[in-house]
>>> print(open('work_1.tsv').read())   # TSV, C-alpha atoms
chain	number	residue	atom	x	y	z
A	1	MET	CA	12.01	19.24	-14.36
A	2	ALA	CA	8.99	20.99	-15.76
A	3	GLU	CA	5.57	19.39	-15.73
A	4	GLY	CA	4.69	17.79	-19.03
A	5	VAL	CA	8.28	16.75	-19.79
A	6	SER	CA	8.75	13.02	-20.21
A	7	LEU	CA	11.21	10.96	-18.22
A	8	THR	CA	11.51	8.40	-20.98
A	9	GLY	CA	12.88	10.43	-23.84
A	10	ASN	CA	10.42	11.82	-26.37
A	11	ILE	CA	7.23	10.39	-24.82
A	12	PRO	CA	4.85	13.22	-23.89
A	13	ALA	CA	3.61	13.19	-20.32
A	14	ARG	CA	0.03	12.63	-19.32
A	15	GLY	CA	-0.78	16.14	-18.12
A	16	GLY	CA	-3.23	17.48	-15.58
A	17	ARG	CA	-4.44	16.05	-12.34
A	18	HIS	CA	-6.13	12.68	-12.57
A	19	TYR	CA	-9.08	12.73	-10.21
A	20	GLY	CA	-9.86	9.11	-10.98
A	21	LEU	CA	-6.52	8.02	-9.53
A	22	ASP	CA	-7.22	10.15	-6.46
A	23	TRP	CA	-10.48	8.28	-5.94
A	24	LEU	CA	-8.73	4.97	-6.56
A	25	ARG	CA	-6.10	5.81	-3.95
A	26	ILE	CA	-8.79	6.81	-1.44
A	27	ALA	CA	-10.68	3.58	-2.10
A	28	ALA	CA	-7.52	1.46	-1.86
A	29	PHE	CA	-6.68	2.76	1.61
A	30	ALA	CA	-10.32	2.41	2.73
A	31	ILE	CA	-10.18	-1.25	1.66
A	32	LEU	CA	-6.93	-1.64	3.60
A	33	ILE	CA	-8.56	-0.38	6.80
A	34	LEU	CA	-11.58	-2.67	6.35
A	35	TYR	CA	-9.23	-5.56	5.61
A	36	HIS	CA	-7.37	-5.04	8.87
A	37	ILE	CA	-10.63	-4.90	10.80
A	38	GLY	CA	-11.54	-8.17	9.09
A	39	MET	CA	-8.22	-9.68	10.20
A	40	VAL	CA	-9.39	-9.36	13.80
A	41	PHE	CA	-12.16	-11.87	13.02
A	42	ALA	CA	-10.51	-14.03	10.34
A	43	PRO	CA	-8.93	-17.38	11.31
A	44	TRP	CA	-5.43	-16.17	10.42
A	45	ASP	CA	-2.67	-15.01	12.70
A	46	TRP	CA	-2.60	-11.24	13.22
A	47	VAL	CA	-1.59	-8.60	15.77
A	48	ILE	CA	-4.64	-9.26	17.96
A	49	LYS	CA	-7.67	-11.51	17.71
A	50	THR	CA	-11.20	-11.12	18.98
A	51	ASN	CA	-13.19	-13.77	20.86
A	52	HIS	CA	-14.88	-14.65	17.55
A	53	SER	CA	-13.39	-16.42	14.55
A	54	TYR	CA	-15.13	-16.86	11.20
A	55	PRO	CA	-13.72	-19.21	8.55
A	56	GLU	CA	-16.32	-17.68	6.21
A	57	LEU	CA	-14.03	-14.66	5.93
A	58	ILE	CA	-11.30	-16.70	4.24
A	59	ALA	CA	-12.87	-16.54	0.77
A	60	PRO	CA	-13.64	-12.79	0.52
A	61	MET	CA	-10.39	-11.76	2.19
A	62	SER	CA	-8.35	-14.14	0.04
A	63	ALA	CA	-9.93	-12.51	-3.01
A	64	VAL	CA	-8.66	-9.10	-1.84
A	65	THR	CA	-5.20	-10.11	-0.61
A	66	PRO	CA	-3.43	-10.55	-4.00
A	67	TRP	CA	-4.14	-7.06	-5.33
A	68	ARG	CA	-4.65	-4.65	-2.43
A	69	LEU	CA	-0.94	-3.94	-1.86
A	70	ALA	CA	-0.01	-4.20	-5.55
A	71	LEU	CA	-2.61	-1.52	-6.25
A	72	LEU	CA	-1.30	0.72	-3.48
A	73	PHE	CA	2.24	0.61	-4.85
A	74	ALA	CA	1.02	1.24	-8.40
A	75	VAL	CA	-1.02	4.25	-7.28
A	76	SER	CA	1.97	5.50	-5.29
A	77	GLY	CA	4.16	5.18	-8.37
A	78	TYR	CA	1.64	7.17	-10.38
A	79	ALA	CA	1.60	9.91	-7.74
A	80	SER	CA	5.41	9.89	-7.64
A	81	TRP	CA	5.63	10.86	-11.31
A	82	HIS	CA	3.41	13.89	-10.76
A	83	LEU	CA	5.38	14.90	-7.67
A	84	LEU	CA	8.66	14.52	-9.56
A	85	SER	CA	7.35	16.62	-12.44
A	86	LYS	CA	7.02	19.58	-10.06
A	87	MET	CA	10.62	19.31	-8.78
A	88	ARG	CA	13.79	20.83	-10.16
A	89	ASP	CA	15.52	17.48	-10.45
A	90	ALA	CA	15.74	13.97	-9.01
A	91	ALA	CA	17.74	15.18	-5.98
A	92	ALA	CA	15.04	17.69	-5.03
A	93	PHE	CA	12.44	14.97	-5.50
A	94	ALA	CA	14.37	12.60	-3.22
A	95	GLY	CA	14.69	15.28	-0.55
A	96	SER	CA	11.01	16.17	-0.68
A	97	ARG	CA	9.89	12.55	-0.51
A	98	SER	CA	12.26	11.83	2.36
A	99	LYS	CA	10.68	14.59	4.42
A	100	ARG	CA	7.14	13.48	3.59
A	101	LEU	CA	7.82	9.80	4.31
A	102	LEU	CA	10.61	9.51	6.87
A	103	ILE	CA	9.25	12.11	9.31
A	104	PRO	CA	5.85	10.33	9.62
A	105	LEU	CA	7.66	6.99	9.79
A	106	ALA	CA	9.81	8.19	12.70
A	107	PHE	CA	6.78	9.75	14.40
A	108	GLY	CA	4.77	6.57	13.93
A	109	MET	CA	7.53	4.35	15.33
A	110	ALA	CA	8.01	6.63	18.34
A	111	VAL	CA	4.37	7.42	19.18
A	112	LEU	CA	1.92	5.08	17.41
A	113	VAL	CA	3.62	1.70	17.09
A	114	PRO	CA	4.45	1.50	20.84
A	115	VAL	CA	0.74	1.10	21.56
A	116	GLU	CA	0.62	-2.04	19.46
A	117	MET	CA	3.88	-3.41	20.84
A	118	TRP	CA	2.81	-2.89	24.45
A	119	ILE	CA	-0.44	-4.75	23.83
A	120	ARG	CA	1.48	-7.55	22.12
A	121	VAL	CA	3.83	-8.09	25.05
A	122	ALA	CA	1.06	-7.53	27.62
A	123	GLU	CA	-0.90	-10.38	26.06
A	124	VAL	CA	1.97	-12.77	26.77
A	125	GLY	CA	2.68	-11.67	30.32
A	126	TYR	CA	4.44	-8.30	30.38
A	127	PRO	CA	3.60	-7.05	33.91
A	128	HIS	CA	4.04	-3.29	33.64
A	129	GLY	CA	1.91	-0.45	32.33
A	130	TYR	CA	2.26	1.44	29.08
A	131	TRP	CA	4.39	4.33	30.31
A	132	ARG	CA	6.91	2.03	31.97
A	133	PHE	CA	7.05	0.07	28.73
A	134	TRP	CA	7.52	3.15	26.54
A	135	LEU	CA	10.15	4.74	28.79
A	136	HIS	CA	12.25	1.68	29.56
A	137	ASP	CA	11.51	-1.32	27.35
A	138	TYR	CA	10.26	-0.18	23.95
A	139	TRP	CA	13.62	1.23	22.85
A	140	ARG	CA	15.56	-1.99	23.31
A	141	LEU	CA	17.15	-3.92	20.45
A	142	GLY	CA	16.44	-7.59	19.97
A	143	GLU	CA	13.80	-9.99	21.25
A	144	PHE	CA	11.58	-9.18	24.22
A	145	TYR	CA	8.59	-11.28	25.31
A	146	GLY	CA	8.61	-13.02	21.94
A	147	ARG	CA	8.60	-9.79	19.90
A	148	THR	CA	11.50	-8.26	17.99
A	149	PHE	CA	12.39	-4.64	18.72
A	150	PRO	CA	12.47	-2.13	17.10
A	151	SER	CA	9.46	-2.68	14.86
A	152	TRP	CA	7.58	-0.55	12.38
A	153	GLU	CA	4.56	-2.88	12.27
A	154	HIS	CA	2.09	-1.68	9.60
A	155	LEU	CA	4.40	1.22	8.70
A	156	TRP	CA	6.55	-1.19	6.71
A	157	PHE	CA	4.67	0.13	3.67
A	158	VAL	CA	6.14	3.60	4.26
A	159	ALA	CA	9.65	2.18	4.63
A	160	TYR	CA	9.31	0.15	1.43
A	161	LEU	CA	7.84	3.12	-0.45
A	162	TRP	CA	10.67	5.41	0.64
A	163	THR	CA	13.26	2.84	-0.42
A	164	TYR	CA	11.68	2.34	-3.84
A	165	THR	CA	11.44	6.10	-4.27
A	166	MET	CA	15.11	6.60	-3.47
A	167	ILE	CA	16.11	3.87	-5.94
A	168	LEU	CA	13.92	5.51	-8.58
A	169	ALA	CA	15.44	8.93	-7.87
A	170	ALA	CA	18.95	7.50	-8.18
A	171	VAL	CA	18.13	5.82	-11.49
A	172	LEU	CA	16.64	9.04	-12.84
A	173	ALA	CA	19.58	11.11	-11.64
A	174	TYR	CA	22.01	8.95	-13.60
A	175	ARG	CA	19.81	8.08	-16.56
A	176	THR	CA	21.31	8.33	-20.03
A	177	ASP	CA	19.80	9.11	-23.41
A	178	ARG	CA	20.42	5.51	-24.39
A	179	GLY	CA	18.59	4.23	-21.32
A	180	ALA	CA	15.67	6.61	-21.85
A	181	ALA	CA	15.43	5.50	-25.49
A	182	TRP	CA	15.37	1.86	-24.39
A	183	VAL	CA	12.53	2.56	-21.93
A	184	ALA	CA	10.61	4.46	-24.61
A	185	GLY	CA	11.07	1.57	-27.03
A	186	ALA	CA	9.92	-0.96	-24.44
A	187	ILE	CA	6.81	1.10	-23.72
A	188	ASP	CA	5.99	1.37	-27.42
A	189	TRP	CA	6.47	-2.40	-27.77
A	190	LEU	CA	4.02	-3.02	-24.91
A	191	THR	CA	1.30	-0.99	-26.61
A	192	HIS	CA	0.86	-3.59	-29.37
A	193	GLY	CA	-1.77	-6.28	-29.03
A	194	TRP	CA	-2.27	-7.59	-25.51
A	195	ARG	CA	1.37	-7.30	-24.48
A	196	VAL	CA	0.63	-4.74	-21.77
A	197	LEU	CA	-1.49	-7.43	-20.13
A	198	TRP	CA	0.35	-10.71	-20.51
A	199	VAL	CA	4.02	-9.64	-20.51
A	200	PRO	CA	4.01	-8.02	-17.01
A	201	MET	CA	1.77	-10.81	-15.72
A	202	LEU	CA	4.16	-13.49	-16.98
A	203	LEU	CA	7.28	-11.74	-15.69
A	204	LEU	CA	5.74	-11.20	-12.26
A	205	ALA	CA	4.72	-14.85	-12.04
A	206	VAL	CA	8.16	-16.09	-13.08
A	207	ALA	CA	9.87	-13.84	-10.51
A	208	LYS	CA	7.50	-14.84	-7.71
A	209	VAL	CA	7.67	-18.57	-8.35
A	210	GLY	CA	11.41	-18.44	-9.02
A	211	LEU	CA	12.02	-17.02	-5.55
A	212	LEU	CA	9.40	-19.13	-3.76
A	213	PHE	CA	11.60	-22.06	-2.76
A	214	VAL	CA	14.85	-20.06	-2.65
A	215	VAL	CA	14.12	-17.38	-0.03
A	216	GLU	CA	11.68	-17.32	2.88
A	217	GLU	CA	8.45	-15.36	2.56
A	218	GLU	CA	8.72	-12.81	5.34
A	219	HIS	CA	8.41	-9.09	5.88
A	220	GLY	CA	11.59	-7.11	6.31
A	221	LEU	CA	13.18	-4.51	4.09
A	222	LEU	CA	16.32	-6.61	3.61
A	223	ARG	CA	14.56	-10.00	3.61
A	224	ASP	CA	11.30	-9.64	1.68
A	225	TRP	CA	12.63	-10.49	-1.78
A	226	GLY	CA	9.38	-12.15	-2.80
A	227	GLY	CA	7.50	-8.98	-1.89
A	228	HIS	CA	9.99	-6.71	-3.64
A	229	ALA	CA	9.72	-8.86	-6.78
A	230	GLN	CA	6.07	-7.80	-7.02
A	231	PHE	CA	5.96	-4.38	-5.37
A	232	VAL	CA	8.88	-2.75	-7.21
A	233	PRO	CA	7.48	-3.58	-10.68
A	234	MET	CA	4.03	-2.36	-9.62
A	235	PHE	CA	5.51	0.91	-8.33
A	236	VAL	CA	7.47	1.39	-11.56
A	237	ALA	CA	4.40	0.49	-13.64
A	238	GLY	CA	2.35	3.20	-11.94
A	239	PHE	CA	5.18	5.68	-12.47
A	240	LEU	CA	5.38	4.91	-16.19
A	241	LEU	CA	1.62	5.01	-16.66
A	242	ALA	CA	1.66	8.60	-15.46
A	243	GLY	CA	4.34	9.60	-17.95
A	244	ALA	CA	3.48	7.46	-20.98
A	245	PRO	CA	-0.02	8.28	-22.25
A	246	GLN	CA	0.25	5.84	-25.16
A	247	LEU	CA	-0.11	3.00	-22.65
A	248	TRP	CA	-3.65	4.03	-21.74
A	249	PRO	CA	-5.31	3.07	-25.05
A	250	ALA	CA	-3.66	-0.33	-24.65
A	251	LEU	CA	-5.11	-0.63	-21.14
A	252	ARG	CA	-8.57	0.31	-22.37
A	253	ARG	CA	-8.26	-2.36	-25.06
A	254	VAL	CA	-7.54	-5.17	-22.59
A	255	TRP	CA	-9.24	-4.13	-19.35
A	256	LYS	CA	-12.25	-6.45	-19.75
A	257	VAL	CA	-9.97	-9.41	-20.38
A	258	ALA	CA	-7.88	-8.29	-17.41
A	259	LEU	CA	-10.97	-8.24	-15.21
A	260	ALA	CA	-11.97	-11.73	-16.38
A	261	LEU	CA	-8.45	-13.04	-15.68
A	262	SER	CA	-8.51	-11.47	-12.23
A	263	VAL	CA	-11.69	-13.42	-11.49
A	264	VAL	CA	-10.13	-16.68	-12.67
A	265	THR	CA	-6.84	-16.20	-10.80
A	266	GLY	CA	-8.73	-14.99	-7.74
A	267	ALA	CA	-10.77	-18.19	-7.79
A	268	VAL	CA	-7.52	-20.18	-7.75
A	269	VAL	CA	-6.26	-18.25	-4.73
A	270	VAL	CA	-9.56	-18.63	-2.86
A	271	ALA	CA	-9.71	-22.36	-3.61
A	272	VAL	CA	-6.20	-22.99	-2.28
A	273	GLU	CA	-6.70	-20.83	0.83
A	274	THR	CA	-9.98	-22.64	1.53
A	275	LEU	CA	-8.59	-26.14	1.00
A	276	TYR	CA	-5.43	-25.42	3.00
A	277	PRO	CA	-6.54	-23.03	5.77
A	278	GLY	CA	-4.38	-21.62	8.53
A	279	GLU	CA	-0.97	-23.24	8.89
A	280	ALA	CA	-1.75	-26.11	6.49
A	281	ILE	CA	0.96	-26.37	3.81
A	282	PRO	CA	-0.14	-27.39	0.30
A	283	PRO	CA	2.05	-29.44	-2.04
A	284	HIS	CA	4.79	-27.49	-3.75
A	285	TRP	CA	3.08	-27.47	-7.13
A	286	VAL	CA	-0.10	-26.12	-5.57
A	287	MET	CA	1.84	-23.49	-3.67
A	288	ALA	CA	3.67	-22.42	-6.83
A	289	GLY	CA	0.42	-22.21	-8.77
A	290	GLU	CA	-1.21	-20.11	-6.09
A	291	ARG	CA	1.71	-17.67	-5.90
A	292	ALA	CA	1.64	-17.27	-9.67
A	293	ALA	CA	-2.12	-16.69	-9.49
A	294	GLN	CA	-1.62	-14.09	-6.73
A	295	VAL	CA	0.75	-11.87	-8.70
A	296	ALA	CA	-1.24	-12.38	-11.90
A	297	MET	CA	-4.35	-11.19	-10.09
A	298	GLY	CA	-2.39	-8.26	-8.64
A	299	TRP	CA	-1.49	-7.06	-12.15
A	300	THR	CA	-4.78	-7.80	-13.90
A	301	MET	CA	-6.89	-6.21	-11.18
A	302	THR	CA	-4.65	-3.14	-11.20
A	303	VAL	CA	-5.06	-2.84	-14.99
A	304	ALA	CA	-8.84	-3.12	-14.65
A	305	LEU	CA	-9.10	-0.65	-11.76
A	306	PHE	CA	-6.77	1.92	-13.36
A	307	THR	CA	-8.88	1.78	-16.52
A	308	LEU	CA	-12.16	2.07	-14.62
A	309	ALA	CA	-10.77	5.01	-12.66
A	310	ASP	CA	-9.68	6.67	-15.89
A	311	ARG	CA	-12.99	6.13	-17.69
A	312	TYR	CA	-15.58	6.64	-14.98
A	313	TRP	CA	-14.08	8.31	-11.89
A	314	ASN	CA	-12.00	11.11	-13.39
A	315	ARG	CA	-14.14	13.92	-12.03
A	316	ASP	CA	-13.75	16.26	-9.10
A	317	HIS	CA	-15.97	16.57	-6.04
A	318	ARG	CA	-15.93	18.96	-3.13
A	319	TRP	CA	-14.84	16.13	-0.78
A	320	ARG	CA	-12.05	14.79	-2.97
A	321	ARG	CA	-9.33	17.14	-1.82
A	322	THR	CA	-10.08	16.59	1.88
A	323	LEU	CA	-10.31	12.83	1.50
A	324	ALA	CA	-7.09	12.70	-0.54
A	325	GLU	CA	-5.30	14.66	2.17
A	326	ALA	CA	-6.75	12.50	4.95
A	327	VAL	CA	-5.62	9.19	3.46
A	328	PHE	CA	-2.08	9.15	4.86
A	329	PRO	CA	-2.99	10.28	8.41
A	330	PHE	CA	-5.77	7.67	8.43
A	331	TYR	CA	-3.25	5.04	7.36
A	332	LEU	CA	-0.79	6.00	10.10
A	333	ILE	CA	-3.27	5.72	12.97
A	334	HIS	CA	-5.75	3.06	11.84
A	335	GLN	CA	-3.93	-0.08	12.97
A	336	PRO	CA	-3.03	1.14	16.47
A	337	ALA	CA	-6.68	2.18	16.79
A	338	ILE	CA	-7.95	-1.24	15.70
A	339	VAL	CA	-5.56	-3.06	18.03
A	340	ALA	CA	-6.32	-0.85	21.04
A	341	ILE	CA	-10.11	-0.95	20.58
A	342	THR	CA	-10.07	-4.74	20.16
A	343	TRP	CA	-7.88	-5.21	23.24
A	344	LEU	CA	-10.09	-2.99	25.39
A	345	SER	CA	-13.25	-4.78	24.19
A	346	LEU	CA	-12.04	-8.34	24.80
A	347	PRO	CA	-13.08	-8.48	28.49
A	348	LEU	CA	-16.58	-7.33	27.52
A	349	LYS	CA	-17.24	-10.49	25.45
A	350	LEU	CA	-19.45	-8.60	23.05
A	351	ASN	CA	-21.61	-10.02	20.30
A	352	ALA	CA	-19.61	-10.29	17.05
A	353	TRP	CA	-21.76	-7.78	15.18
A	354	VAL	CA	-21.62	-5.33	18.07
A	355	GLU	CA	-17.86	-5.71	18.21
A	356	PHE	CA	-17.54	-5.20	14.47
A	357	GLY	CA	-19.71	-2.09	14.60
A	358	MET	CA	-17.70	-0.73	17.50
A	359	LEU	CA	-14.43	-1.41	15.69
A	360	LEU	CA	-15.64	0.22	12.49
A	361	ALA	CA	-17.10	3.29	14.20
A	362	GLY	CA	-14.28	3.60	16.74
A	363	THR	CA	-11.50	3.28	14.18
A	364	GLY	CA	-13.22	5.80	11.91
A	365	ALA	CA	-13.64	8.25	14.80
A	366	VAL	CA	-10.01	7.91	15.93
A	367	CYS	CA	-8.75	8.38	12.36
A	368	ALA	CA	-10.97	11.43	11.81
A	369	VAL	CA	-9.96	13.11	15.09
A	370	PHE	CA	-6.27	12.37	14.43
A	371	TYR	CA	-6.49	13.99	11.01
A	372	LEU	CA	-8.75	16.91	11.88
A	373	ILE	CA	-6.63	17.97	14.85
A	374	GLY	CA	-3.30	17.30	13.14
A	375	ARG	CA	-4.12	19.31	10.04
A	376	GLU	CA	-4.89	22.43	12.10
A	377	ILE	CA	-1.59	22.49	14.03
A	378	GLY	CA	1.38	23.61	12.01
A	379	TRP	CA	4.08	21.57	13.74
A	380	LEU	CA	1.93	18.42	13.69
A	381	ARG	CA	1.28	18.49	9.95
A	382	PRO	CA	4.68	17.08	8.86
A	383	LEU	CA	4.46	14.41	11.57
A	384	ILE	CA	1.27	13.00	10.04
A	385	GLY	CA	2.48	13.29	6.46
A	386	LEU	CA	0.95	16.63	5.47
A	387	GLY	CA	2.68	19.54	3.77
A	388	PRO	CA	2.60	23.16	4.88
A	389	ARG	CA	-0.86	24.61	5.26
A	390	VAL	CA	-1.98	26.81	2.34
A	391	ARG	CA	-4.61	29.49	2.14
A	392	ARG	CA	-8.04	28.18	1.18
A	393	ASP	CA	-8.32	30.66	-1.67
A	394	VAL	CA	-5.16	29.40	-3.38
A	395	PRO	CA	-5.91	26.60	-5.87
A	396	VAL	CA	-3.49	23.76	-5.29
A	397	ALA	CA	-3.32	20.08	-6.06
A	398	SER	CA	-4.20	18.05	-3.04
A	399	PRO	CA	-1.17	16.36	-1.48
A	400	GLN	CA	-0.34	12.76	-2.29
A	401	PRO	CA	2.19	11.69	0.34
A	402	ALA	CA	1.90	8.01	-0.43
>>> encode(input="work_1.tsv", output="structure tokens")
Amino acid sequence: MAEGVSLTGNIPARGGRHYGLDWLRIAAFAILILYHIGMVFAPWDWVIKTNHSYPELIAPMSAVTPWRLALLFAVSGYASWHLLSKMRDAAAFAGSRSKRLLIPLAFGMAVLVPVEMWIRVAEVGYPHGYWRFWLHDYWRLGEFYGRTFPSWEHLWFVAYLWTYTMILAAVLAYRTDRGAAWVAGAIDWLTHGWRVLWVPMLLLAVAKVGLLFVVEEEHGLLRDWGGHAQFVPMFVAGFLLAGAPQLWPALRRVWKVALALSVVTGAVVVAVETLYPGEAIPPHWVMAGERAAQVAMGWTMTVALFTLADRYWNRDHRWRRTLAEAVFPFYLIHQPAIVAITWLSLPLKLNAWVEFGMLLAGTGAVCAVFYLIGREIGWLRPLIGLGPRVRRDVPVASPQPA
């Protein structure tokens, strides 16, 4: 499939590399890392907790929660269109994405996740050291010291993304002219008025609330139907935005309203999380309203940020290519680094600000070393989500593995 050819019939593709979306992707993963450092101090359950807990973090982190993952899947969908446009067909695209996602996922589950899982079981009484755990106990199936094995921990995002990509590739492989015409017609319909804003927002809210009291809210590729109801549409939306340029004027027309709505819906989420902290369960009508506000904020904030990236950030910089390449390796290693540094610092009983500074600097250093070493060693590059090394004098688009 040649670049510039539409996947939706006669819609012309949005050509050229979009630097603004590169910067948005870099920023989204940076926010994710900061969010996970914040989870160490927030009064919510997480992998590991510090000696300090700050309810003051509930409001700012609740304001980020509804859109951070929605944005990541939308950006990944956008990148997927550009990757597909360089492939021969959907099968080649599926094969390429499988290598770039499944190899790092397997590497992460074999080498990185065990660090987290050992610390988790050690905290509840596991008596042996790491190597004994990795050699004998990590590879078990089922429950062990209160944890379920195997586990992909934070790498669930990679598993979800690969699954969505394979479904997309299958749909594209068997698409028909009639189906493509229907998609093109739906896109054209969305460009009128404010439909691009309120129609996806309404559909996402209906899906989320409709599933709320039917299925449990839990992670798991075959169980997280509430998550899939939001993440799949966001992934598809990003994919279509890359291939349907007529949607962008519609986004520019509504982005200020989208930003205002994201503030309003975010205020609803923050209010509920503040009034019902921790394990407190709000009334059903409050819970339903908050879930609707969450997905509405996810869509409206994504619309606003995509538009801002398109208008103001679509310019290159000498660091962009390196940062874009580093994003996926940073993602792979950041959570094991946060967990390990926190666990090692607990006996020191440090001041909260000192601990935060150490976590921020230590996680950044581990991520940087992991990437800088991995990118220089040919056989390590695919393990950390990087493609084959190219000569510096050859102009190429920087990789977008996620």
>>> residues_around(input="work_1.tsv", residues="region 374-382 of chain A", least_positions_apart="6", cutoff="10 Å", atoms="all atoms listed in the file", output="PyMOL selection string")
chain A and resi 99-104+107+325-326+329+368+388-389
>>> residues_around(input="work_1.tsv", residues="Leu240 (chain A)", least_positions_apart="4", cutoff="9 Å", atoms="all atoms listed in the file", output="PDB file with C-alpha atoms, keeping the file's coordinate frame")
ATOM      1  CA  LEU A   7      11.210  10.960 -18.220  1.00  0.00           C
ATOM      2  CA  THR A   8      11.510   8.400 -20.980  1.00  0.00           C
ATOM      3  CA  GLY A  77       4.160   5.180  -8.370  1.00  0.00           C
ATOM      4  CA  TYR A  78       1.640   7.170 -10.380  1.00  0.00           C
ATOM      5  CA  TRP A  81       5.630  10.860 -11.310  1.00  0.00           C
ATOM      6  CA  ILE A 187       6.810   1.100 -23.720  1.00  0.00           C
ATOM      7  CA  PHE A 235       5.510   0.910  -8.330  1.00  0.00           C
ATOM      8  CA  VAL A 236       7.470   1.390 -11.560  1.00  0.00           C
ATOM      9  CA  ALA A 244       3.480   7.460 -20.980  1.00  0.00           C
ATOM     10  CA  PRO A 245      -0.020   8.280 -22.250  1.00  0.00           C
ATOM     11  CA  LEU A 247      -0.110   3.000 -22.650  1.00  0.00           C
TER      12      LEU A 247
END
>>> closest_residue(input="work_1.tsv", among="A:Arg320, A:Trp182, A:Gly108, A:Lys256", to="Gln335 (chain A)", atoms="only C-alpha atoms")
A:Gly108
>>> residues_around(input="work_1.tsv", residues="Met358 (chain A)", least_positions_apart="3", cutoff="12 Å", atoms="all atoms listed in the file", output="ChimeraX atom specification")
/A:37,337-338,340-342,344-346,350-355,361-366
>>> closest_atom_pairs(input="work_1.tsv", of="region 117-171 of chain A", to="region 208-227 of chain A", cutoff="9 Å", atoms="only C-alpha atoms", output="JSON lines")
{"residue": "A:Trp156", "atom": "CA", "partner": "A:Gly220", "partner_atom": "CA", "distance": 7.8}
{"residue": "A:Ala159", "atom": "CA", "partner": "A:Leu221", "partner_atom": "CA", "distance": 7.6}
{"residue": "A:Tyr160", "atom": "CA", "partner": "A:Leu221", "partner_atom": "CA", "distance": 6.6}
{"residue": "A:Thr163", "atom": "CA", "partner": "A:Leu221", "partner_atom": "CA", "distance": 8.6}
>>> atom_distance(input="work_1.tsv", atom1="CA of Met166 (chain A)", atom2="CA of Gly142 (chain A)")
27.4 Å
>>> closest_residue(input="work_1.tsv", among="A:Ser151, A:Thr302, A:Ser80, A:Thr307", to="Phe93 (chain A)", atoms="all atoms listed in the file")
A:Ser80
>>> closest_residue(input="work_1.tsv", among="A:Phe29, A:Phe330, A:Tyr54, A:Trp23", to="Leu69 (chain A)", atoms="all atoms listed in the file")
A:Phe29
>>> closest_residue(input="work_1.tsv", among="A:Val263, A:Leu204, A:Leu72, A:Leu172", to="Ile26 (chain A)", atoms="only C-alpha atoms")
A:Leu72
>>> closest_residue(input="work_1.tsv", among="A:Val272, A:Leu259, A:Leu203, A:Val295", to="Ile58 (chain A)", atoms="all atoms listed in the file")
A:Val272
>>> closest_residue(input="work_1.tsv", among="A:Val268, A:Met61, A:Ala260, A:Ile48", to="Leu34 (chain A)", atoms="all atoms listed in the file")
A:Met61
>>> residues_around(input="work_1.tsv", residues="Ala28 (chain A)", least_positions_apart="2", cutoff="10 Å", atoms="all atoms listed in the file", output="count of residues only")
16
>>> atom_distance(input="work_1.tsv", atom1="CA of Thr300 (chain A)", atom2="CA of Ala258 (chain A)")
4.7 Å
>>> residues_around(input="work_1.tsv", residues="Leu21 (chain A)", least_positions_apart="6", cutoff="10 Å", atoms="all atoms listed in the file", output="PyMOL selection string")
chain A and resi 27+75-76+78-79+305-310+313-315
>>> atom_distance(input="work_1.tsv", atom1="CA of Ala91 (chain A)", atom2="CA of Ala169 (chain A)")
6.9 Å
>>> decode(input="work_1.tsv", residues="region 202-211 of chain A", atoms="N, CA and C atoms", output="mmCIF file, in the first residue's frame")
data_model
loop_
_atom_site.group_PDB
_atom_site.id
_atom_site.type_symbol
_atom_site.label_atom_id
_atom_site.label_comp_id
_atom_site.auth_asym_id
_atom_site.auth_seq_id
_atom_site.Cartn_x
_atom_site.Cartn_y
_atom_site.Cartn_z
ATOM 1 N N LEU A 202 -20.640 10.998 23.106
ATOM 2 C CA LEU A 202 -21.883 10.351 23.531
ATOM 3 C C LEU A 202 -21.788 8.833 23.421
ATOM 4 N N LEU A 203 -21.249 8.342 22.311
ATOM 5 C CA LEU A 203 -21.143 6.900 22.122
ATOM 6 C C LEU A 203 -20.210 6.263 23.151
ATOM 7 N N LEU A 204 -19.115 6.930 23.449
ATOM 8 C CA LEU A 204 -18.185 6.414 24.461
ATOM 9 C C LEU A 204 -18.858 6.354 25.829
ATOM 10 N N ALA A 205 -19.603 7.389 26.168
ATOM 11 C CA ALA A 205 -20.276 7.429 27.465
ATOM 12 C C ALA A 205 -21.330 6.335 27.570
ATOM 13 N N VAL A 206 -22.102 6.144 26.507
ATOM 14 C CA VAL A 206 -23.140 5.107 26.515
ATOM 15 C C VAL A 206 -22.508 3.730 26.678
ATOM 16 N N ALA A 207 -21.415 3.468 25.949
ATOM 17 C CA ALA A 207 -20.746 2.172 26.045
ATOM 18 C C ALA A 207 -20.182 1.938 27.449
ATOM 19 N N LYS A 208 -19.540 2.961 27.995
ATOM 20 C CA LYS A 208 -18.931 2.823 29.324
ATOM 21 C C LYS A 208 -19.973 2.583 30.399
ATOM 22 N N VAL A 209 -21.008 3.402 30.412
ATOM 23 C CA VAL A 209 -22.047 3.267 31.433
ATOM 24 C C VAL A 209 -22.850 1.992 31.220
ATOM 25 N N GLY A 210 -23.075 1.625 29.966
ATOM 26 C CA GLY A 210 -23.823 0.410 29.679
ATOM 27 C C GLY A 210 -23.149 -0.843 30.195
ATOM 28 N N LEU A 211 -21.821 -0.830 30.241
ATOM 29 C CA LEU A 211 -21.077 -1.996 30.723
ATOM 30 C C LEU A 211 -20.785 -1.934 32.218
#
